[in-house]
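Shown next: coords.txt, containing compact mmCIF, C-alpha atoms and all ligand atoms.
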```
# COMPACT_ATOMS: atom_id res chain seq x y z
CA MET U 1 5.27 -1.92 9.48
CA PRO U 2 4.57 -5.59 10.33
CA LEU U 3 0.83 -4.79 10.42
CA LYS U 4 -0.92 -4.01 7.12
CA VAL U 5 -3.56 -1.26 7.54
CA ILE U 6 -6.79 -1.31 5.49
CA ASP U 7 -9.20 1.62 5.70
CA GLY U 8 -12.78 0.34 5.33
CA ILE U 9 -13.91 -2.73 3.40
CA ARG U 10 -14.58 -1.14 0.00
CA ASN U 11 -11.69 -2.88 -1.72
CA LEU U 12 -12.11 -6.30 -0.10
CA THR U 13 -13.83 -9.28 -1.72
CA PHE U 14 -16.30 -11.29 0.33
CA GLU U 15 -17.73 -14.02 -1.91
CA GLU U 16 -15.45 -16.77 -0.75
CA ASP U 17 -14.78 -18.56 2.52
CA LEU U 18 -12.68 -17.37 5.44
CA SER U 19 -9.44 -18.94 4.13
CA ALA U 20 -9.81 -17.12 0.81
CA PHE U 21 -10.48 -13.88 2.69
CA LEU U 22 -7.36 -14.32 4.82
CA GLN U 23 -5.33 -15.14 1.66
CA GLN U 24 -6.50 -11.81 0.29
CA LEU U 25 -5.20 -10.01 3.40
CA GLY U 26 -1.92 -11.92 3.11
CA GLY U 27 -0.40 -11.17 6.53
CA PRO U 28 -1.18 -9.56 9.90
CA THR U 29 -3.85 -6.92 9.18
CA LEU U 30 -5.59 -4.01 10.85
CA ILE U 31 -8.98 -3.12 9.34
CA ARG U 32 -10.37 0.29 10.35
CA LEU U 33 -14.15 0.75 10.16
CA GLN U 34 -16.06 3.97 10.53
CA GLY U 35 -18.95 3.94 13.01
CA ARG U 36 -22.02 6.11 13.58
CA ASP U 37 -20.12 8.00 16.28
CA SER U 38 -16.59 8.72 15.11
CA SER U 39 -15.67 10.57 18.29
CA ARG U 40 -14.96 7.20 19.95
CA ARG U 41 -13.28 3.94 18.92
CA ARG U 42 -13.06 0.37 20.17
CA ALA U 43 -10.38 -2.19 19.38
CA PHE U 44 -10.81 -5.89 18.68
CA CYS U 45 -8.07 -8.44 18.16
CA THR U 46 -8.31 -12.07 17.12
CA LEU U 47 -6.31 -14.95 15.61
CA LEU U 48 -3.23 -14.27 17.77
CA HIS U 49 -3.18 -18.08 17.62
CA GLY U 50 -3.54 -19.57 14.12
CA ASN U 51 -5.48 -22.62 15.34
CA GLU U 52 -8.24 -20.56 17.03
CA PRO U 53 -10.50 -19.47 14.17
CA SER U 54 -13.86 -18.70 15.85
CA GLY U 55 -13.06 -14.98 16.29
CA ALA U 56 -11.93 -14.59 12.66
CA ARG U 57 -14.99 -16.51 11.41
CA ALA U 58 -17.32 -14.32 13.46
CA LEU U 59 -15.52 -11.18 12.30
CA TYR U 60 -15.69 -12.29 8.66
CA ALA U 61 -19.47 -12.75 9.00
CA TYR U 62 -19.76 -9.29 10.56
CA LEU U 63 -17.70 -7.61 7.82
CA ARG U 64 -19.74 -9.38 5.12
CA SER U 65 -22.95 -8.00 6.62
CA GLY U 66 -21.79 -4.46 5.84
CA GLU U 67 -23.32 -3.22 9.08
CA THR U 68 -22.22 0.16 10.45
CA PRO U 69 -20.88 -0.20 14.01
CA ALA U 70 -21.87 2.12 16.87
CA VAL U 71 -18.40 3.69 17.08
CA ASP U 72 -15.21 3.46 15.00
CA LEU U 73 -13.58 0.02 15.13
CA ASP U 74 -9.97 -1.10 14.81
CA LEU U 75 -9.95 -4.81 13.97
CA ILE U 76 -6.68 -6.72 14.22
CA ILE U 77 -6.38 -10.15 12.59
CA ALA U 78 -2.93 -11.30 13.62
CA SER U 79 -1.49 -14.74 12.82
CA ILE U 80 -2.81 -15.10 9.27
CA PRO U 81 0.25 -16.98 7.88
CA ALA U 82 0.06 -19.53 10.75
CA ALA U 83 -3.71 -19.91 10.23
CA LEU U 84 -3.26 -20.55 6.49
CA ALA U 85 -0.41 -23.07 6.84
CA PRO U 86 -1.93 -26.38 5.67
CA PRO U 87 -4.09 -27.87 6.95
CA ALA U 88 -5.71 -24.48 7.64
CA PHE U 89 -6.29 -23.48 11.28
CA SER U 90 -4.16 -26.31 12.69
CA GLN U 91 -1.08 -24.39 13.85
CA ARG U 92 -0.89 -22.05 16.85
CA MET U 93 2.19 -20.42 15.30
CA LEU U 94 4.52 -21.25 12.40
CA PRO U 95 7.29 -23.78 13.14
CA GLY U 96 10.30 -22.13 14.76
CA GLN U 97 8.36 -19.04 15.84
CA ARG U 98 7.45 -17.96 19.36
CA ASP U 99 3.86 -18.05 20.63
CA LEU U 100 2.65 -14.56 19.64
CA ASN U 101 0.60 -14.17 22.82
CA ARG U 102 3.80 -14.54 24.87
CA CYS U 103 5.61 -11.79 22.90
CA PHE U 104 3.92 -8.63 24.24
CA ARG U 105 6.90 -7.63 26.37
CA PRO U 106 10.53 -6.86 25.48
CA PRO U 107 12.68 -7.98 23.82
CA PHE U 108 10.82 -7.30 20.58
CA ASP U 109 13.71 -8.40 18.39
CA ASP U 110 12.28 -11.28 16.30
CA SER U 111 9.42 -11.12 13.78
CA GLN U 112 6.76 -12.11 16.36
CA GLY U 113 8.14 -9.52 18.80
CA LYS U 114 8.06 -6.79 16.15
CA LEU U 115 4.43 -7.61 15.33
CA ALA U 116 3.52 -7.54 19.03
CA GLU U 117 5.31 -4.21 19.45
CA ALA U 118 3.48 -2.75 16.42
CA ILE U 119 0.11 -3.81 17.86
CA LEU U 120 0.94 -2.26 21.25
CA ARG U 121 2.18 0.97 19.65
CA PHE U 122 -0.97 1.22 17.55
CA LEU U 123 -3.21 0.76 20.62
CA HIS U 124 -1.19 3.31 22.56
CA ASP U 125 -1.47 5.92 19.78
CA SER U 126 -5.10 5.29 18.70
CA LYS U 127 -6.51 5.36 22.27
CA PRO U 128 -9.56 3.09 21.94
CA GLU U 129 -12.06 3.07 24.81
CA CYS U 130 -11.55 -0.69 25.26
CA LEU U 131 -9.95 -3.79 23.72
CA ILE U 132 -11.24 -7.35 23.36
CA ASP U 133 -8.85 -10.13 22.38
CA LEU U 134 -10.88 -13.17 21.26
CA HIS U 135 -9.47 -16.72 21.44
CA ASN U 136 -10.60 -20.34 21.45
CA THR U 137 -9.75 -22.51 24.45
CA SER U 138 -7.11 -25.20 23.87
CA GLY U 139 -9.60 -27.99 24.55
CA SER U 140 -13.37 -28.25 24.45
CA GLY U 141 -14.96 -26.17 27.19
CA PRO U 142 -17.22 -23.30 28.21
CA ALA U 143 -16.49 -19.63 27.45
CA PHE U 144 -14.80 -17.37 30.00
CA GLY U 145 -12.98 -14.05 30.19
CA VAL U 146 -9.44 -13.41 31.45
CA ALA U 147 -8.17 -10.03 32.66
CA ILE U 148 -5.62 -8.59 35.04
CA ARG U 149 -8.24 -6.32 36.61
CA CYS U 150 -11.84 -6.97 37.60
CA ASP U 151 -13.35 -3.51 38.05
CA ALA U 152 -16.82 -2.68 36.73
CA ASP U 153 -15.56 -1.92 33.17
CA HIS U 154 -13.86 -5.32 32.90
CA ARG U 155 -16.96 -7.06 34.25
CA ALA U 156 -19.17 -5.14 31.81
CA LEU U 157 -16.97 -6.11 28.85
CA THR U 158 -16.85 -9.76 29.95
CA SER U 159 -20.63 -9.89 30.30
CA LEU U 160 -21.04 -9.29 26.55
CA TRP U 161 -19.76 -12.88 26.04
CA THR U 162 -19.87 -14.85 29.32
CA ASN U 163 -20.51 -14.67 33.09
CA ASP U 164 -17.13 -16.07 34.21
CA LEU U 165 -13.99 -13.93 34.56
CA ILE U 166 -10.56 -15.22 35.55
CA VAL U 167 -8.45 -12.51 37.15
CA THR U 168 -4.75 -13.24 37.09
CA ASP U 169 -1.59 -11.71 38.52
CA LEU U 170 0.50 -14.09 36.42
CA ARG U 171 2.52 -12.33 33.71
CA LEU U 172 3.36 -14.32 30.59
CA GLY U 173 3.76 -11.62 27.91
CA ALA U 174 0.10 -11.79 26.79
CA LEU U 175 -1.45 -8.83 24.95
CA MET U 176 -3.87 -7.92 27.78
CA GLU U 177 -1.04 -7.45 30.30
CA ILE U 178 0.55 -4.46 28.54
CA SER U 179 -2.43 -3.06 26.62
CA GLU U 180 -4.10 -2.63 30.03
CA LEU U 181 -1.72 0.28 30.67
CA ASP U 182 -3.57 2.18 27.91
CA VAL U 183 -7.02 0.64 27.68
CA PRO U 184 -9.38 -1.69 29.64
CA THR U 185 -8.72 -5.11 28.09
CA VAL U 186 -10.46 -8.46 28.39
CA THR U 187 -9.34 -11.68 26.74
CA ILE U 188 -12.35 -13.78 25.80
CA GLU U 189 -11.99 -17.54 25.43
CA CYS U 190 -15.15 -18.46 23.51
CA GLY U 191 -14.81 -22.27 23.88
CA GLY U 192 -12.93 -24.89 21.87
CA ALA U 193 -12.25 -24.44 18.17
CA GLN U 194 -14.22 -27.66 17.47
CA ASP U 195 -17.16 -26.85 19.76
CA GLU U 196 -20.33 -26.02 17.84
CA THR U 197 -21.31 -23.31 20.31
CA SER U 198 -18.03 -21.35 20.08
CA LEU U 199 -18.83 -19.56 16.82
CA LEU U 200 -22.30 -18.64 18.09
CA ILE U 201 -20.86 -17.26 21.35
CA ALA U 202 -18.18 -15.34 19.41
CA ARG U 203 -20.75 -13.85 17.00
CA GLU U 204 -23.33 -12.86 19.59
CA GLY U 205 -20.77 -11.20 21.87
CA MET U 206 -19.16 -9.44 18.92
CA GLN U 207 -22.54 -8.15 17.75
CA ARG U 208 -23.13 -6.63 21.21
CA TYR U 209 -19.58 -5.22 21.36
CA PHE U 210 -19.78 -3.60 17.92
CA SER U 211 -23.36 -2.35 17.90
CA SER U 212 -24.00 -1.15 21.48
CA GLU U 213 -23.72 2.55 22.26
CA GLN U 214 -22.20 1.69 25.63
CA VAL U 215 -20.07 -1.35 26.49
CA LEU U 216 -18.19 0.00 29.50
CA ALA U 217 -19.83 -0.03 32.93
CA ALA U 218 -23.03 1.90 33.56
CA ALA U 219 -23.23 3.41 37.06
CA GLY U 220 -24.89 1.14 39.58
CA HIS U 221 -25.33 -1.81 37.21
CA ASP U 222 -24.52 -5.32 38.48
CA TYR U 223 -23.15 -7.42 35.60
CA GLY U 224 -23.49 -10.72 37.47
CA VAL U 225 -19.99 -11.85 36.56
CA ASN U 226 -18.34 -14.59 38.67
CA ARG U 227 -14.70 -13.86 39.46
CA PHE U 228 -11.97 -16.51 39.81
CA ARG U 229 -8.65 -15.21 41.13
CA ASN U 230 -5.19 -16.46 40.22
CA PRO U 231 -5.62 -19.92 38.73
CA ILE U 232 -2.48 -22.05 39.00
CA ARG U 233 -0.82 -23.65 35.98
CA MET U 234 -0.27 -27.41 36.17
CA GLU U 235 2.85 -28.17 34.16
CA LEU U 236 5.05 -31.13 33.33
CA LYS U 237 8.61 -30.76 34.56
CA PRO U 238 11.13 -30.32 31.71
CA GLY U 239 11.78 -33.46 29.67
CA ARG U 240 8.57 -35.17 30.85
CA ARG U 241 5.91 -36.43 28.48
CA VAL U 242 2.11 -36.71 28.64
CA HIS U 243 0.06 -39.47 27.04
CA TYR U 244 -3.65 -39.35 26.20
CA GLY U 245 -5.54 -42.65 26.28
CA ASP U 246 -7.56 -45.01 28.43
CA ASP U 247 -4.58 -47.27 29.19
CA ALA U 248 -1.49 -45.97 30.96
CA ASP U 249 1.66 -45.45 28.93
CA PRO U 250 4.37 -46.76 31.31
CA ASP U 251 6.97 -44.33 29.95
CA ALA U 252 4.77 -41.23 30.18
CA ALA U 253 4.87 -38.97 33.24
CA LEU U 254 1.11 -38.71 33.12
CA THR U 255 -1.73 -40.42 31.22
CA LEU U 256 -4.86 -38.34 30.84
CA PRO U 257 -8.11 -39.78 29.46
CA LEU U 258 -8.97 -38.93 25.84
CA ASP U 259 -12.08 -37.11 27.05
CA ALA U 260 -10.14 -35.07 29.67
CA ALA U 261 -11.79 -31.89 28.34
CA ARG U 262 -14.91 -32.92 30.29
CA PHE U 263 -13.06 -31.71 33.42
CA ASN U 264 -13.48 -28.16 32.03
CA TYR U 265 -17.19 -28.24 32.90
CA GLY U 266 -18.35 -27.59 36.45
CA SER U 267 -15.95 -28.55 39.24
CA VAL U 268 -14.06 -31.76 40.07
CA PRO U 269 -14.61 -33.25 43.56
CA ALA U 270 -11.90 -34.29 46.04
CA GLY U 271 -10.59 -37.75 45.16
CA GLU U 272 -11.61 -37.61 41.49
CA ARG U 273 -9.19 -39.65 39.34
CA LEU U 274 -7.91 -37.05 36.93
CA ALA U 275 -4.98 -38.96 35.42
CA ILE U 276 -2.70 -41.98 35.85
CA LEU U 277 0.70 -41.01 37.24
CA GLY U 278 3.92 -42.44 35.79
CA LYS U 279 6.83 -43.96 37.70
CA ALA U 280 7.94 -40.60 39.14
CA GLY U 281 4.48 -39.95 40.59
CA LEU U 282 3.84 -36.33 41.54
CA ASP U 283 7.57 -35.55 41.11
CA ALA U 284 7.02 -35.23 37.35
CA LEU U 285 4.66 -32.30 37.86
CA THR U 286 4.89 -28.73 39.04
CA ALA U 287 2.13 -26.26 39.92
CA LYS U 288 3.56 -22.91 40.91
CA ASP U 289 1.33 -19.99 41.83
CA HIS U 290 1.73 -16.46 40.47
CA LEU U 291 4.34 -15.75 43.18
CA GLY U 292 6.44 -18.70 42.04
CA LYS U 293 5.60 -20.84 45.11
CA GLU U 294 5.16 -24.58 44.54
CA ARG U 295 1.52 -25.47 45.38
CA LEU U 296 1.21 -28.97 43.93
CA HIS U 297 0.99 -30.81 47.25
CA ASP U 298 -1.45 -28.27 48.70
CA HIS U 299 -4.02 -29.23 46.09
CA PHE U 300 -3.17 -32.72 44.78
CA ALA U 301 -2.34 -36.17 46.12
CA ALA U 302 -1.26 -39.45 44.52
CA ILE U 303 -3.95 -42.00 45.40
CA ASN U 304 -3.35 -45.54 44.09
CA GLY U 305 -1.16 -44.13 41.32
CA ARG U 306 -3.77 -41.59 40.27
CA LEU U 307 -3.59 -37.80 40.32
CA SER U 308 -6.43 -36.64 42.57
CA PRO U 309 -7.50 -33.27 43.96
CA LYS U 310 -7.41 -32.94 47.76
CA HIS U 311 -10.46 -30.67 47.71
CA PRO U 312 -12.95 -29.51 45.06
CA LEU U 313 -11.21 -27.70 42.20
CA LYS U 314 -12.34 -25.81 39.14
CA LEU U 315 -10.24 -26.69 36.09
CA PHE U 316 -9.78 -24.49 33.02
CA MET U 317 -8.09 -25.03 29.66
CA VAL U 318 -7.64 -28.78 30.08
CA THR U 319 -6.12 -29.72 26.74
CA THR U 320 -5.72 -33.04 24.93
CA ASN U 321 -3.15 -31.52 22.58
CA PRO U 322 0.25 -32.95 23.66
CA ILE U 323 2.16 -30.04 22.08
CA ILE U 324 0.26 -27.43 24.09
CA ALA U 325 0.46 -29.65 27.20
CA THR U 326 4.25 -29.86 26.87
CA THR U 327 5.10 -26.35 25.69
CA ASP U 328 2.46 -24.39 27.65
CA CYS U 329 0.63 -26.23 30.43
CA LEU U 330 -1.60 -29.25 31.10
CA PHE U 331 -4.39 -27.15 32.59
CA TYR U 332 -5.16 -24.30 35.01
CA PHE U 333 -6.93 -24.89 38.32
CA ILE U 334 -8.40 -22.93 41.16
CA ASP U 335 -9.50 -24.02 44.63
CA CYS U 336 -13.32 -23.84 44.68
CA ALA U 337 -13.11 -22.46 48.23
CA ASN U 338 -11.33 -19.35 46.87
CA THR U 339 -13.84 -18.40 44.17
ZN ZN U 401 -5.26 -18.40 22.13
```

What would you get if you wrote out this structure as structure tokens?
Ligand SMILES: [Zn+2]
Amino acid sequence: MPLKVIDGIRNLTFEEDLSAFLQQLGGPTLIRLQGRDSSRRRAFCTLLHGNEPSGARALYAYLRSGETPAVDLDLIIASIPAALAPPAFSQRMLPGQRDLNRCFRPPFDDSQGKLAEAILRFLHDSKPECLIDLHNTSGSGPAFGVAIRCDADHRALTSLWTNDLIVTDLRLGALMEISELDVPTVTIECGGAQDETSLLIAREGMQRYFSSEQVLAAAGHDYGVNRFRNPIRMELKPGRRVHYGDDADPDAALTLPLDAARFNYGSVPAGERLAILGKAGLDALTAKDHLGKERLHDHFAAINGRLSPKHPLKLFMVTTNPIIATTDCLFYFIDCANT
């Protein structure tokens, strides 16, 4: 089994830091904790990406406390080898491997696929009442939830961490897409790995998720969660390159400012200069919606060689990591008029 199972924390050592704790676990691990009410169980997953440690740090603090949760818990800590590859917590996945959170759909034939399949099979068989998958955002930014449904249970789960929920019909092979067949699932992005507030947000939400008698929706309760439907991915076309800096790189398809993560906060107005376009202008970019329709020119214009929104947009997951920008996407956006 690609997932090591540990029953309880009796045999684990807690004196040292998170890295030492993860060394002790050695590889992808499922820790099962007994709660006050063992007739129910909740699942929690974190560290699908090795460079997103806030969930594992918060979980480590919780396990050290020795607290008894409200119900039984199944705690999955996934990409431990990637997280421990030096320097610790710098790699999303090990070199040559696929992004684990794109592997939760067939084929399951490589090591990442087999781990994803084992996690899905475990969730299917153990039947938790809900699942939270906790991540850090790629760049600095506020916390938000992501789900494929936005009914009252999903809003209730989101509200344990944040008031913003992205609802997406896009299918990438992420855990929440398939686990949703068995269990209400919300992905929580608790802010950037370097943001001071991320660990606090992760810990406080986790405390509520683990210790509350009820985390699914209570009848008639309004959770006050804002919903954002179907954000669009802004991507570089294949073979194009992004540069981060204050001066344009003439050979780059796009130059984004070093502090581009500030666009993650609030909304950006029409005409805002988001980036300097390269020689190919908008032709270097693509922004397809969840139906595969090109939407770039509906939302963006080239104004004096700058990439500018045509109307107010809300941006998510703006990254200044060129590897993520090239292999995943530059950022997600949504038309403020559609929120
Ligand atoms: Zn992630």

Which distance in Å separates CA of Ile303 (chain U) and CA of Asn321 (chain U), to one decimal?
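So the answer is 25.1 Å.
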
Proximity of region 202-241 of chain U to region 118-141 of chain U: per-residue shortest pair, 9 Å limit, all atoms listed in the file, as CSV:
```
residue,atom,partner,partner_atom,distance
U:Ala202,CA,U:Leu134,CA,7.8
U:Tyr209,CA,U:Ile132,CA,8.8
U:Val215,CA,U:Cys130,CA,8.6
U:Leu216,CA,U:Cys130,CA,7.9
```

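Among the candidates U:Ser111, U:Ser179, U:Thr68, U:Thr168, the one nearest to Met93 (chain U) when counting only C-alpha atoms is U:Ser111.
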
Report, in Å with one decimal, the straight-line distance from CA of Leu165 (chain U) to CA of Ala147 (chain U).
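Value for the CA of Leu165 (chain U)-CA of Ala147 (chain U) distance: 7.3 Å.
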
From the list U:Leu181, U:Ala143, U:Val225, U:Ala337, which residue is nearest Tyr265 (chain U) when using all atoms listed in the file?
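Of U:Leu181, U:Ala143, U:Val225, U:Ala337, the one nearest Tyr265 (chain U) is U:Ala143, counting all atoms listed in the file.
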
Contacts of region 20-36 of chain U at 9 Å or less, counting all atoms listed in the file, minus same-chain residues fewer than 6 places along, as a tab-separated table (two decimals) with C-alpha atoms, keeping the file's coordinate frame?
```tsv
chain	number	residue	atom	x	y	z
U	2	PRO	CA	4.57	-5.59	10.33
U	3	LEU	CA	0.83	-4.79	10.42
U	4	LYS	CA	-0.92	-4.01	7.12
U	5	VAL	CA	-3.56	-1.26	7.54
U	6	ILE	CA	-6.79	-1.31	5.49
U	7	ASP	CA	-9.20	1.62	5.70
U	8	GLY	CA	-12.78	0.34	5.33
U	9	ILE	CA	-13.91	-2.73	3.40
U	12	LEU	CA	-12.11	-6.30	-0.10
U	13	THR	CA	-13.83	-9.28	-1.72
U	14	PHE	CA	-16.30	-11.29	0.33
U	45	CYS	CA	-8.07	-8.44	18.16
U	60	TYR	CA	-15.69	-12.29	8.66
U	68	THR	CA	-22.22	0.16	10.45
U	69	PRO	CA	-20.88	-0.20	14.01
U	70	ALA	CA	-21.87	2.12	16.87
U	71	VAL	CA	-18.40	3.69	17.08
U	72	ASP	CA	-15.21	3.46	15.00
U	73	LEU	CA	-13.58	0.02	15.13
U	74	ASP	CA	-9.97	-1.10	14.81
U	75	LEU	CA	-9.95	-4.81	13.97
U	76	ILE	CA	-6.68	-6.72	14.22
U	77	ILE	CA	-6.38	-10.15	12.59
U	78	ALA	CA	-2.93	-11.30	13.62
U	79	SER	CA	-1.49	-14.74	12.82
U	80	ILE	CA	-2.81	-15.10	9.27
U	81	PRO	CA	0.25	-16.98	7.88
U	83	ALA	CA	-3.71	-19.91	10.23
U	84	LEU	CA	-3.26	-20.55	6.49
U	115	LEU	CA	4.43	-7.61	15.33
```

Output region 166-182 of chain U as an mmCIF file, keeping the file's coordinate frame, making sure N, CA and C atoms are there.
```cif
data_model
loop_
_atom_site.group_PDB
_atom_site.id
_atom_site.type_symbol
_atom_site.label_atom_id
_atom_site.label_comp_id
_atom_site.auth_asym_id
_atom_site.auth_seq_id
_atom_site.Cartn_x
_atom_site.Cartn_y
_atom_site.Cartn_z
ATOM 1 N N ILE U 166 -11.773 -14.853 34.816
ATOM 2 C CA ILE U 166 -10.560 -15.220 35.550
ATOM 3 C C ILE U 166 -9.716 -13.962 35.692
ATOM 4 N N VAL U 167 -9.287 -13.682 36.915
ATOM 5 C CA VAL U 167 -8.450 -12.510 37.150
ATOM 6 C C VAL U 167 -7.084 -13.015 37.580
ATOM 7 N N THR U 168 -6.055 -12.638 36.838
ATOM 8 C CA THR U 168 -4.750 -13.240 37.090
ATOM 9 C C THR U 168 -3.665 -12.203 37.341
ATOM 10 N N ASP U 169 -2.783 -12.521 38.285
ATOM 11 C CA ASP U 169 -1.590 -11.710 38.520
ATOM 12 C C ASP U 169 -0.367 -12.322 37.834
ATOM 13 N N LEU U 170 -0.591 -13.439 37.135
ATOM 14 C CA LEU U 170 0.500 -14.090 36.420
ATOM 15 C C LEU U 170 0.839 -13.259 35.172
ATOM 16 N N ARG U 171 2.123 -13.106 34.887
ATOM 17 C CA ARG U 171 2.520 -12.330 33.710
ATOM 18 C C ARG U 171 3.300 -13.219 32.754
ATOM 19 N N LEU U 172 2.767 -13.394 31.560
ATOM 20 C CA LEU U 172 3.360 -14.320 30.590
ATOM 21 C C LEU U 172 3.807 -13.624 29.312
ATOM 22 N N GLY U 173 3.501 -12.313 29.180
ATOM 23 C CA GLY U 173 3.760 -11.620 27.910
ATOM 24 C C GLY U 173 2.540 -11.629 26.997
ATOM 25 N N ALA U 174 1.344 -11.807 27.585
ATOM 26 C CA ALA U 174 0.100 -11.790 26.790
ATOM 27 C C ALA U 174 -0.299 -10.343 26.496
ATOM 28 N N LEU U 175 -1.030 -10.169 25.387
ATOM 29 C CA LEU U 175 -1.450 -8.830 24.950
ATOM 30 C C LEU U 175 -2.113 -8.039 26.072
ATOM 31 N N MET U 176 -3.072 -8.665 26.788
ATOM 32 C CA MET U 176 -3.870 -7.920 27.780
ATOM 33 C C MET U 176 -3.024 -7.332 28.914
ATOM 34 N N GLU U 177 -1.844 -7.923 29.165
ATOM 35 C CA GLU U 177 -1.040 -7.450 30.300
ATOM 36 C C GLU U 177 -0.504 -6.042 30.066
ATOM 37 N N ILE U 178 -0.064 -5.768 28.823
ATOM 38 C CA ILE U 178 0.550 -4.460 28.540
ATOM 39 C C ILE U 178 -0.493 -3.486 27.996
ATOM 40 N N SER U 179 -1.425 -3.973 27.173
ATOM 41 C CA SER U 179 -2.430 -3.060 26.620
ATOM 42 C C SER U 179 -3.231 -2.419 27.748
ATOM 43 N N GLU U 180 -3.341 -3.140 28.875
ATOM 44 C CA GLU U 180 -4.100 -2.630 30.030
ATOM 45 C C GLU U 180 -3.558 -1.291 30.535
ATOM 46 N N LEU U 181 -2.290 -1.019 30.269
ATOM 47 C CA LEU U 181 -1.720 0.280 30.670
ATOM 48 C C LEU U 181 -2.434 1.421 29.945
ATOM 49 N N ASP U 182 -2.936 1.141 28.723
ATOM 50 C CA ASP U 182 -3.570 2.180 27.910
ATOM 51 C C ASP U 182 -5.089 2.064 27.875
#
```
